[in-house]
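upload34.csv follows (CSV, C-alpha atoms and all ligand atoms):
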chain,number,residue,atom,x,y,z
Z,1,MET,CA,27.1,38.9,-41.4
Z,2,ASN,CA,25.1,41.7,-39.9
Z,3,ASN,CA,22.9,44.0,-41.9
Z,4,ARG,CA,24.0,47.4,-40.5
Z,5,THR,CA,20.8,49.1,-41.6
Z,6,GLU,CA,18.9,47.5,-38.8
Z,7,THR,CA,18.1,49.6,-35.7
Z,8,PRO,CA,20.8,49.5,-33.1
Z,9,VAL,CA,19.8,48.1,-29.7
Z,10,THR,CA,21.3,47.9,-26.3
Z,11,ILE,CA,20.6,45.3,-23.7
Z,12,ILE,CA,21.4,46.1,-20.0
Z,13,GLY,CA,21.4,42.9,-17.9
Z,14,LEU,CA,22.9,39.7,-19.2
Z,15,GLY,CA,21.3,37.1,-17.1
Z,16,LEU,CA,19.8,34.1,-18.7
Z,17,MET,CA,17.1,36.2,-20.3
Z,18,GLY,CA,19.2,39.2,-21.2
Z,19,GLN,CA,21.7,36.9,-23.0
Z,20,ALA,CA,18.8,35.4,-25.0
Z,21,LEU,CA,17.5,38.8,-25.9
Z,22,ALA,CA,20.9,40.1,-27.1
Z,23,GLY,CA,21.5,36.8,-29.1
Z,24,ALA,CA,18.1,37.2,-30.9
Z,25,PHE,CA,18.8,40.8,-31.9
Z,26,LEU,CA,22.3,39.9,-33.1
Z,27,LYS,CA,20.9,37.0,-35.1
Z,28,ALA,CA,18.4,39.3,-36.7
Z,29,GLY,CA,21.1,41.7,-37.8
Z,30,HIS,CA,20.8,44.5,-35.3
Z,31,PRO,CA,24.0,46.2,-34.1
Z,32,THR,CA,23.8,45.2,-30.5
Z,33,THR,CA,25.5,46.7,-27.5
Z,34,VAL,CA,25.4,45.2,-24.0
Z,35,TRP,CA,26.3,46.0,-20.5
Z,36,ASN,CA,26.3,43.7,-17.4
Z,37,ARG,CA,27.5,44.1,-13.9
Z,38,THR,CA,29.5,41.0,-14.3
Z,39,PRO,CA,31.2,41.7,-17.7
Z,40,SER,CA,32.3,38.1,-18.3
Z,41,LYS,CA,28.7,37.1,-19.0
Z,42,ALA,CA,29.2,39.0,-22.3
Z,43,ASP,CA,32.2,37.0,-23.5
Z,44,ARG,CA,30.2,34.6,-25.7
Z,45,LEU,CA,28.2,37.4,-27.2
Z,46,VAL,CA,31.2,39.6,-27.8
Z,47,ALA,CA,32.8,36.7,-29.7
Z,48,GLN,CA,29.8,36.7,-31.9
Z,49,GLY,CA,30.0,40.4,-32.7
Z,50,VAL,CA,28.2,42.2,-29.8
Z,51,ARG,CA,29.8,45.4,-28.5
Z,52,LEU,CA,30.4,45.4,-24.7
Z,53,ALA,CA,29.9,49.0,-23.3
Z,54,PRO,CA,32.4,50.0,-20.7
Z,55,THR,CA,29.8,51.7,-18.5
Z,56,VAL,CA,26.1,51.9,-18.1
Z,57,GLY,CA,26.2,55.6,-19.2
Z,58,ASP,CA,28.0,54.6,-22.4
Z,59,ALA,CA,25.5,51.8,-23.1
Z,60,LEU,CA,22.6,54.3,-22.6
Z,61,THR,CA,23.9,56.8,-25.1
Z,62,ALA,CA,25.1,54.3,-27.6
Z,63,ASP,CA,21.8,53.3,-29.3
Z,64,SER,CA,18.2,54.3,-29.9
Z,65,LEU,CA,16.5,51.5,-28.0
Z,66,THR,CA,17.7,50.4,-24.6
Z,67,ILE,CA,16.2,47.2,-23.1
Z,68,VAL,CA,16.8,46.6,-19.4
Z,69,CYS,CA,16.3,43.1,-18.1
Z,70,VAL,CA,17.6,42.6,-14.5
Z,71,THR,CA,16.4,40.8,-11.5
Z,72,ASP,CA,14.0,43.3,-10.1
Z,73,TYR,CA,13.1,47.0,-9.9
Z,74,PRO,CA,15.5,47.9,-7.1
Z,75,ALA,CA,18.3,46.6,-9.3
Z,76,LEU,CA,17.0,48.8,-12.2
Z,77,TYR,CA,17.1,51.9,-10.0
Z,78,GLU,CA,20.5,51.0,-8.7
Z,79,LEU,CA,21.8,50.7,-12.2
Z,80,LEU,CA,20.2,53.8,-13.8
Z,81,GLY,CA,19.8,56.1,-10.8
Z,82,ALA,CA,23.3,57.6,-11.3
Z,83,GLU,CA,22.8,58.1,-15.0
Z,84,GLU,CA,20.4,61.1,-15.1
Z,85,ALA,CA,22.3,62.9,-17.9
Z,86,ALA,CA,22.6,59.8,-20.1
Z,87,LEU,CA,19.0,58.9,-19.7
Z,88,HIS,CA,17.8,62.1,-21.4
Z,89,GLY,CA,16.4,61.3,-24.9
Z,90,THR,CA,16.7,57.5,-24.6
Z,91,THR,CA,13.9,55.1,-25.1
Z,92,LEU,CA,13.9,52.5,-22.3
Z,93,LEU,CA,12.1,49.2,-22.6
Z,94,ASN,CA,12.0,47.6,-19.2
Z,95,LEU,CA,11.5,43.8,-19.4
Z,96,THR,CA,12.3,43.3,-15.7
Z,97,SER,CA,9.4,41.5,-14.0
Z,98,GLY,CA,7.5,43.5,-11.4
Z,99,SER,CA,4.1,44.8,-10.4
Z,100,SER,CA,1.9,47.2,-12.3
Z,101,ALA,CA,2.5,49.8,-9.6
Z,102,GLN,CA,6.3,49.4,-10.0
Z,103,ALA,CA,5.9,49.8,-13.8
Z,104,ARG,CA,3.8,53.0,-13.5
Z,105,GLU,CA,6.3,54.4,-11.0
Z,106,ALA,CA,9.2,53.6,-13.3
Z,107,ALA,CA,7.4,55.3,-16.2
Z,108,ARG,CA,7.1,58.5,-14.1
Z,109,TRP,CA,10.7,58.2,-13.0
Z,110,ALA,CA,12.0,57.8,-16.5
Z,111,GLU,CA,9.8,60.6,-17.9
Z,112,GLN,CA,11.0,63.0,-15.2
Z,113,ARG,CA,14.5,62.3,-16.5
Z,114,GLY,CA,13.6,63.0,-20.2
Z,115,ALA,CA,13.5,59.3,-21.2
Z,116,ARG,CA,10.7,57.6,-23.1
Z,117,TYR,CA,9.5,54.5,-21.3
Z,118,LEU,CA,7.8,51.2,-22.3
Z,119,ASP,CA,7.2,48.4,-20.0
Z,120,GLY,CA,7.1,44.7,-20.9
Z,121,ALA,CA,6.5,41.2,-19.7
Z,122,ILE,CA,8.1,38.2,-21.2
Z,123,MET,CA,5.8,35.2,-21.3
Z,124,ALA,CA,8.5,32.8,-22.4
Z,125,VAL,CA,11.7,31.0,-21.3
Z,126,PRO,CA,15.1,32.1,-22.7
Z,127,PRO,CA,15.4,29.3,-25.3
Z,128,ALA,CA,12.1,30.4,-27.0
Z,129,ILE,CA,13.4,34.0,-27.5
Z,130,GLY,CA,13.7,34.7,-31.2
Z,131,THR,CA,10.9,32.3,-32.1
Z,132,ALA,CA,7.1,33.1,-32.6
Z,133,ASP,CA,6.5,31.1,-29.4
Z,134,ALA,CA,8.0,33.9,-27.3
Z,135,VAL,CA,5.1,36.0,-26.4
Z,136,ILE,CA,6.2,39.5,-25.2
Z,137,LEU,CA,3.6,41.9,-24.0
Z,138,LEU,CA,4.3,45.7,-24.0
Z,139,SER,CA,2.5,48.7,-22.6
Z,140,GLY,CA,3.2,52.4,-22.7
Z,141,PRO,CA,3.0,55.3,-25.3
Z,142,GLU,CA,1.9,53.9,-28.7
Z,143,PRO,CA,4.3,56.1,-30.7
Z,144,ASP,CA,7.3,54.8,-28.8
Z,145,PHE,CA,6.1,51.2,-29.5
Z,146,ALA,CA,5.4,52.0,-33.1
Z,147,ALA,CA,8.9,53.4,-33.5
Z,148,HIS,CA,10.5,50.1,-32.4
Z,149,GLU,CA,7.8,47.5,-33.3
Z,150,SER,CA,9.8,46.2,-36.3
Z,151,ALA,CA,13.1,45.8,-34.3
Z,152,LEU,CA,11.2,44.1,-31.4
Z,153,GLY,CA,9.8,41.5,-33.8
Z,154,ALA,CA,13.3,39.9,-33.6
Z,155,LEU,CA,12.4,38.7,-30.1
Z,156,GLY,CA,9.2,36.9,-30.8
Z,157,THR,CA,5.4,37.7,-31.0
Z,158,VAL,CA,5.2,41.2,-29.6
Z,159,THR,CA,1.9,42.8,-28.7
Z,160,HIS,CA,1.2,46.3,-27.5
Z,161,LEU,CA,-1.6,46.3,-24.9
Z,162,GLY,CA,-2.3,50.0,-24.4
Z,163,THR,CA,-0.8,53.2,-23.1
Z,164,ASP,CA,-1.0,52.4,-19.3
Z,165,PRO,CA,2.5,51.2,-18.5
Z,166,GLY,CA,1.1,48.9,-15.8
Z,167,LEU,CA,-0.9,46.7,-18.3
Z,168,ALA,CA,1.9,44.4,-19.3
Z,169,SER,CA,2.6,43.5,-15.6
Z,170,LEU,CA,-1.1,42.9,-15.0
Z,171,TYR,CA,-1.5,40.6,-18.0
Z,172,ASP,CA,1.7,38.8,-16.8
Z,173,VAL,CA,0.1,37.9,-13.4
Z,174,ALA,CA,-3.3,37.2,-15.0
Z,175,GLY,CA,-1.5,34.7,-17.2
Z,176,LEU,CA,0.1,33.1,-14.2
Z,177,ALA,CA,-3.2,32.9,-12.5
Z,178,MET,CA,-4.5,31.0,-15.5
Z,179,MET,CA,-1.5,28.7,-15.6
Z,180,TRP,CA,-1.5,27.8,-12.0
Z,181,SER,CA,-5.3,27.3,-11.9
Z,182,VAL,CA,-5.2,24.9,-14.8
Z,183,LEU,CA,-2.2,23.0,-13.3
Z,184,ASN,CA,-3.8,22.9,-9.9
Z,185,ALA,CA,-7.1,21.5,-11.2
Z,186,TRP,CA,-5.1,18.8,-13.1
Z,187,LEU,CA,-3.1,18.0,-10.0
Z,188,GLN,CA,-6.3,17.7,-7.9
Z,189,GLY,CA,-7.8,15.2,-10.4
Z,190,THR,CA,-4.5,13.3,-10.8
Z,191,ALA,CA,-4.2,12.9,-7.0
Z,192,MET,CA,-7.7,11.5,-6.8
Z,193,LEU,CA,-7.2,9.1,-9.8
Z,194,ARG,CA,-3.9,7.8,-8.5
Z,195,THR,CA,-5.8,6.5,-5.5
Z,196,ALA,CA,-7.6,4.2,-7.9
Z,197,GLY,CA,-4.3,3.2,-9.7
Z,198,VAL,CA,-4.7,5.5,-12.7
Z,199,ASP,CA,-1.3,7.1,-13.4
Z,200,ALA,CA,-0.8,10.8,-14.3
Z,201,ALA,CA,0.0,9.9,-18.0
Z,202,THR,CA,-3.3,8.1,-18.4
Z,203,TYR,CA,-5.3,11.0,-17.1
Z,204,ALA,CA,-3.3,13.8,-18.8
Z,205,PRO,CA,-4.9,13.5,-22.4
Z,206,PHE,CA,-8.4,13.5,-20.9
Z,207,ALA,CA,-7.6,16.5,-18.7
Z,208,ARG,CA,-6.1,18.3,-21.6
Z,209,GLN,CA,-9.4,17.8,-23.6
Z,210,ILE,CA,-11.5,19.1,-20.7
Z,211,ALA,CA,-9.2,22.2,-20.4
Z,212,ALA,CA,-9.6,22.9,-24.1
Z,213,VAL,CA,-13.4,22.6,-24.0
Z,214,VAL,CA,-13.6,24.9,-21.0
Z,215,ALA,CA,-11.2,27.4,-22.7
Z,216,ASP,CA,-13.7,27.6,-25.6
Z,217,TRP,CA,-16.3,28.9,-23.2
Z,218,LEU,CA,-14.3,32.0,-22.3
Z,219,PRO,CA,-15.4,34.4,-25.1
Z,220,GLY,CA,-19.1,33.8,-24.4
Z,221,TYR,CA,-18.6,34.0,-20.6
Z,222,ALA,CA,-16.6,37.2,-21.1
Z,223,GLU,CA,-19.6,38.7,-22.9
Z,224,GLN,CA,-21.7,38.0,-19.8
Z,225,ILE,CA,-19.2,39.6,-17.5
Z,226,ASP,CA,-18.8,42.7,-19.8
Z,227,SER,CA,-22.6,43.1,-20.0
Z,228,GLY,CA,-23.2,42.4,-16.3
Z,229,SER,CA,-26.0,39.9,-17.2
Z,230,PHE,CA,-25.6,36.2,-16.3
Z,231,PRO,CA,-28.6,34.2,-17.6
Z,232,ALA,CA,-28.1,30.4,-16.9
Z,233,GLU,CA,-28.0,29.2,-20.5
Z,234,VAL,CA,-26.3,25.9,-19.7
Z,235,SER,CA,-26.1,25.6,-16.0
Z,236,ALA,CA,-27.0,27.6,-12.8
Z,237,LEU,CA,-24.4,28.4,-10.2
Z,238,GLU,CA,-26.3,26.4,-7.6
Z,239,THR,CA,-26.0,23.3,-9.9
Z,240,ASP,CA,-22.2,23.8,-10.0
Z,241,ALA,CA,-22.1,24.3,-6.2
Z,242,ARG,CA,-23.7,20.8,-5.7
Z,243,ALA,CA,-21.1,19.3,-8.0
Z,244,MET,CA,-18.4,21.1,-5.9
Z,245,GLU,CA,-19.8,19.5,-2.8
Z,246,HIS,CA,-19.4,16.1,-4.5
Z,247,LEU,CA,-15.8,17.0,-5.4
Z,248,ILE,CA,-15.1,17.8,-1.7
Z,249,GLU,CA,-16.7,14.6,-0.5
Z,250,GLU,CA,-14.9,12.5,-3.1
Z,251,SER,CA,-11.5,14.1,-2.3
Z,252,GLU,CA,-12.0,13.5,1.5
Z,253,ALA,CA,-13.3,9.9,0.9
Z,254,VAL,CA,-10.2,8.9,-1.1
Z,255,GLY,CA,-7.9,10.7,1.3
Z,256,VAL,CA,-6.5,13.6,-0.9
Z,257,ASN,CA,-6.3,17.3,-0.2
Z,258,ALA,CA,-9.7,19.0,-0.3
Z,259,GLU,CA,-8.5,22.6,0.4
Z,260,LEU,CA,-8.9,23.8,-3.1
Z,261,PRO,CA,-12.4,22.3,-3.7
Z,262,ARG,CA,-13.5,23.8,-0.3
Z,263,LEU,CA,-12.2,27.3,-1.4
Z,264,LEU,CA,-14.1,27.1,-4.7
Z,265,LYS,CA,-17.3,26.0,-2.8
Z,266,ALA,CA,-16.9,28.8,-0.3
Z,267,MET,CA,-16.8,31.4,-3.0
Z,268,ALA,CA,-19.8,29.9,-4.8
Z,269,ASP,CA,-21.7,29.7,-1.5
Z,270,ARG,CA,-21.1,33.4,-0.8
Z,271,ALA,CA,-22.4,34.3,-4.3
Z,272,ILE,CA,-25.5,32.1,-3.8
Z,273,ALA,CA,-26.1,33.7,-0.4
Z,274,ALA,CA,-26.0,37.0,-2.2
Z,275,GLY,CA,-28.9,35.8,-4.4
Z,276,HIS,CA,-26.9,34.6,-7.5
Z,277,GLY,CA,-27.6,30.9,-7.4
Z,278,LYS,CA,-29.9,30.9,-10.4
Z,279,GLU,CA,-27.3,32.7,-12.6
Z,280,GLN,CA,-24.5,31.3,-14.6
Z,281,TYR,CA,-20.9,30.6,-13.3
Z,282,PRO,CA,-19.2,33.8,-14.5
Z,283,VAL,CA,-21.4,35.7,-12.0
Z,284,LEU,CA,-18.6,34.7,-9.6
Z,285,ILE,CA,-16.6,37.6,-11.0
Z,286,GLY,CA,-18.4,39.6,-8.2
Z,287,GLU,CA,-16.5,37.4,-5.6
Z,288,PHE,CA,-13.2,37.6,-7.5
Z,289,GLY,CA,-13.5,41.4,-7.8
Z,290,LYS,CA,-13.7,41.9,-4.0
Z,291,ARG,CA,-10.8,42.3,-1.6
Z,292,ARG,CA,-10.8,39.7,1.2
Z,293,ASN,CA,-8.3,39.4,3.9
Z,294,ASP,CA,-9.0,35.9,5.2
D,301,LIG,P1,19.2,36.1,-13.9
D,301,LIG,O1,19.8,35.1,-14.8
D,301,LIG,O2,19.2,35.8,-12.4
D,301,LIG,O3,20.0,37.5,-14.2
D,301,LIG,C1,19.8,38.6,-13.4
D,301,LIG,C2,20.4,39.8,-14.1
D,301,LIG,O4,20.2,41.0,-13.2
D,301,LIG,C3,21.9,39.7,-14.2
D,301,LIG,O5,22.3,40.3,-15.4
D,301,LIG,C4,22.4,40.4,-13.0
D,301,LIG,O6,23.8,40.9,-13.1
D,301,LIG,C5,21.5,41.6,-13.0
D,301,LIG,N1,21.4,42.2,-11.6
D,301,LIG,C6,20.8,41.8,-10.5
D,301,LIG,N2,20.9,42.7,-9.5
D,301,LIG,C7,21.7,43.7,-10.0
D,301,LIG,C8,22.1,45.0,-9.5
D,301,LIG,N3,21.8,45.3,-8.3
D,301,LIG,N4,22.9,45.8,-10.3
D,301,LIG,C9,23.1,45.4,-11.6
D,301,LIG,N5,22.7,44.2,-12.2
D,301,LIG,C10,22.0,43.4,-11.4
D,301,LIG,O7,17.7,36.4,-14.2
D,301,LIG,P2,17.0,36.2,-15.7
D,301,LIG,O8,16.4,34.9,-15.8
D,301,LIG,O9,17.8,36.8,-16.7
D,301,LIG,O10,15.7,37.2,-15.4
D,301,LIG,C11,15.8,38.6,-15.6
D,301,LIG,C12,14.4,39.2,-15.6
D,301,LIG,O11,13.6,38.5,-16.6
D,301,LIG,C13,13.7,38.9,-14.3
D,301,LIG,O12,12.9,40.1,-13.9
D,301,LIG,C14,12.8,37.7,-14.6
D,301,LIG,O13,11.6,37.7,-13.8
D,301,LIG,C15,12.4,38.0,-16.1
D,301,LIG,N6,12.0,36.8,-16.8
D,301,LIG,C16,12.8,35.7,-16.8
D,301,LIG,C17,12.4,34.5,-17.4
D,301,LIG,C18,13.2,33.3,-17.4
D,301,LIG,O14,12.7,32.2,-17.8
D,301,LIG,N7,14.5,33.4,-17.1
D,301,LIG,C19,11.1,34.5,-18.0
D,301,LIG,C20,10.3,35.7,-18.0
D,301,LIG,C21,10.8,36.8,-17.4
D,301,LIG,P3,25.0,39.9,-12.8
D,301,LIG,O15,25.1,39.0,-14.0
D,301,LIG,O16,26.1,40.8,-12.6
D,301,LIG,O17,24.6,39.1,-11.5

Could you express the structure from this file as structure tokens?
Ligand code: NAP
Amino acid sequence: MNNRTETPVTIIGLGLMGQALAGAFLKAGHPTTVWNRTPSKADRLVAQGVRLAPTVGDALTADSLTIVCVTDYPALYELLGAEEAALHGTTLLNLTSGSSAQAREAARWAEQRGARYLDGAIMAVPPAIGTADAVILLSGPEPDFAAHESALGALGTVTHLGTDPGLASLYDVAGLAMMWSVLNAWLQGTAMLRTAGVDAATYAPFARQIAAVVADWLPGYAEQIDSGSFPAEVSALETDARAMEHLIEESEAVGVNAELPRLLKAMADRAIAAGHGKEQYPVLIGEFGKRRND
């Protein structure tokens, strides 16, 4: 039975993610309105007590917090572009994935139409929504976040990153960079070890331990980056570069792909050529912070 004192919410977009968001709000007792281009996707939720709005305009005016979660930004504009009057006075939380530039532009677009705008990135899959494992990052005006922080807690672990609406998207891709880098490093090692008959399951716990140890280095290395000073406390970049050469040679010798090790070595070599060989690994932030077109 719903507790009707909870904040009403509206979800526009009932794909896999939108359905999970609506379900979590309903479960937490929020009066929940939905709209989807294909209305039949609301059937299960309607049977559970969700209200299906007949039009986007009706959905927008119905509640105090409107979450949009559709495929991409063009879909968002297609949906909301014709709803200028209904947008006025609403609070939009856009959980559609996109770039930081798209988020900032959408914030301007919404504000010009009298709406409050928060942007968000969902770092979780639909089944995790409604649990603490669902990390949801938000950015935009702090008072608008504060007004809905309590309701948003129904979705998972929600963090406000700052007022720049592009921040959530930037954290989103930064997290993806971390995820793929860890996975690629593991795959590189797994490919090498498989040539010696070691299967992936045998190597996985060892790789996991190394990843955890390296993760512990991040706060100290972050201090070096933020201070712009990179004393070689445990290892100099030129020492790392020699080990990278070894990784390339070993990859080639056992017949696995050496592209990624060569890329790492090329970046380290450029930093060494620029005079940073005796400094510590995070000095490579200089290479990562530069645009390169090759
Ligand atoms: P999905 O299952 O493919 O659903 C897409 C939704 O967008 C549907 O509601 C669809 O309506 C709607 N839509 C697309 N184009 C439209 C248009 N032109 N006009 C109106 N509605 C339109 O995708 P999803 O998994 O729910 O993902 C939604 C967003 O969440 C994406 O930006 C995605 O990157 C993000 N996300 C997803 C996950 C995940 O694991 N699924 C995780 C993190 C973030 P119809 O039902 O009528 O087609």

Nearby residues (only C-alpha atoms) at most 8 Å from region 52-67 of chain Z, same-chain spacing under 4 positions excluded, as a PyMOL selection string: chain Z and resi 7-12+33-35+39+42+46+79-80+83+86-87+90-95+148

Kindly assemble as CSV a list of the chain Z residues that lie within 10 Å of ligand LIG 301 (chain D), each paired with its nearest atom pair and their distance in Å to one decimal, using all atoms listed in the file, sorted first by chain and then by ascending residue number.
residue,atom,partner,partner_atom,distance
Z:Ile11,CA,D:LIG301,O5,9.8
Z:Ile12,CA,D:LIG301,O5,7.5
Z:Gly13,CA,D:LIG301,O5,3.7
Z:Leu14,CA,D:LIG301,O5,3.9
Z:Gly15,CA,D:LIG301,O3,3.2
Z:Leu16,CA,D:LIG301,O9,3.9
Z:Met17,CA,D:LIG301,O9,3.7
Z:Gly18,CA,D:LIG301,O9,5.3
Z:Gln19,CA,D:LIG301,O9,7.4
Z:Ala20,CA,D:LIG301,O9,8.5
Z:Leu21,CA,D:LIG301,O9,9.4
Z:Trp35,CA,D:LIG301,O5,8.6
Z:Asn36,CA,D:LIG301,O16,5.6
Z:Arg37,CA,D:LIG301,O16,3.8
Z:Thr38,CA,D:LIG301,O16,3.8
Z:Pro39,CA,D:LIG301,O16,7.3
Z:Ser40,CA,D:LIG301,O15,8.4
Z:Lys41,CA,D:LIG301,O15,6.4
Z:Ala42,CA,D:LIG301,O15,9.3
Z:Val56,CA,D:LIG301,C9,9.7
Z:Val68,CA,D:LIG301,C12,8.7
Z:Cys69,CA,D:LIG301,C12,5.0
Z:Val70,CA,D:LIG301,O4,3.3
Z:Thr71,CA,D:LIG301,O4,4.2
Z:Asp72,CA,D:LIG301,O12,5.1
Z:Tyr73,CA,D:LIG301,O12,8.0
Z:Pro74,CA,D:LIG301,N3,6.9
Z:Ala75,CA,D:LIG301,N3,3.9
Z:Leu76,CA,D:LIG301,N4,6.9
Z:Tyr77,CA,D:LIG301,N3,8.3
Z:Glu78,CA,D:LIG301,N3,5.9
Z:Leu79,CA,D:LIG301,N4,5.4
Z:Leu80,CA,D:LIG301,N4,9.1
Z:Asn94,CA,D:LIG301,O12,9.2
Z:Leu95,CA,D:LIG301,O11,6.4
Z:Thr96,CA,D:LIG301,O12,3.7
Z:Ser97,CA,D:LIG301,O12,3.8
Z:Gly98,CA,D:LIG301,O12,6.9
Z:Gly120,CA,D:LIG301,C21,9.4
Z:Ala121,CA,D:LIG301,C21,6.6
Z:Ile122,CA,D:LIG301,C20,4.6
Z:Met123,CA,D:LIG301,C20,5.6
Z:Ala124,CA,D:LIG301,C19,5.4
Z:Val125,CA,D:LIG301,O14,3.8
Z:Pro126,CA,D:LIG301,O14,5.5
Z:Pro127,CA,D:LIG301,O14,8.5
Z:Ala128,CA,D:LIG301,O14,9.4
Z:Ile129,CA,D:LIG301,C19,9.8
Z:Ala134,CA,D:LIG301,C20,9.7
Z:Val135,CA,D:LIG301,C20,9.9
Z:Ile136,CA,D:LIG301,C20,9.1
Z:Asp172,CA,D:LIG301,C20,9.2

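The space between CA of Arg208 (chain Z) and CA of Ala185 (chain Z) spans 10.9 Å.
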
Computed interatomic separation between CA of Ala191 (chain Z) and CA of Gln209 (chain Z) (Å): 18.1 Å

Atom pair CA of Gly140 (chain Z) / CA of Ala22 (chain Z): separation (Å): 22.0 Å

Give me, as CSV, the closest atom pair and its distance (Å, one decimal) for every residue of region 131-220 of chain Z within a cut-off of 10 Å of region 251-261 of chain Z, counting only C-alpha atoms, rows sorted by chain and rising number.
residue,atom,partner,partner_atom,distance
Z:Asn184,CA,Z:Leu260,CA,8.5
Z:Ala185,CA,Z:Leu260,CA,8.6
Z:Gln188,CA,Z:Asn257,CA,7.7
Z:Gly189,CA,Z:Ser251,CA,9.0
Z:Ala191,CA,Z:Val256,CA,6.6
Z:Met192,CA,Z:Val256,CA,6.4
Z:Leu193,CA,Z:Val254,CA,9.2
Z:Arg194,CA,Z:Val254,CA,9.8
Z:Thr195,CA,Z:Val254,CA,6.7
Z:Ala196,CA,Z:Val254,CA,8.7

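Using only C-alpha atoms for every distance, the candidate list Z:Glu287, Z:Gly228, Z:Gly220, Z:Arg262 yields Z:Arg262 as the residue closest to Glu250 (chain Z).
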
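Omitting Ala132 (chain Z) and its sequence neighbours fewer than 2 positions away, and counting all atoms listed in the file, the residues within 7 Å are Z:Gly130, Z:Ala134, Z:Gly156, Z:Thr157.
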
Long-range neighbours of Leu170 (chain Z) as a count of residues only, 10 Å cut-off, only C-alpha atoms, 4 positions minimum in chain: 11

Protein, DNA and RNA residues within 12 Å of (-24.6, 23.1, -8.3), all atoms listed in the file, as a PyMOL selection string: chain Z and resi 232+234-247+264-265+268-269+272+276-281
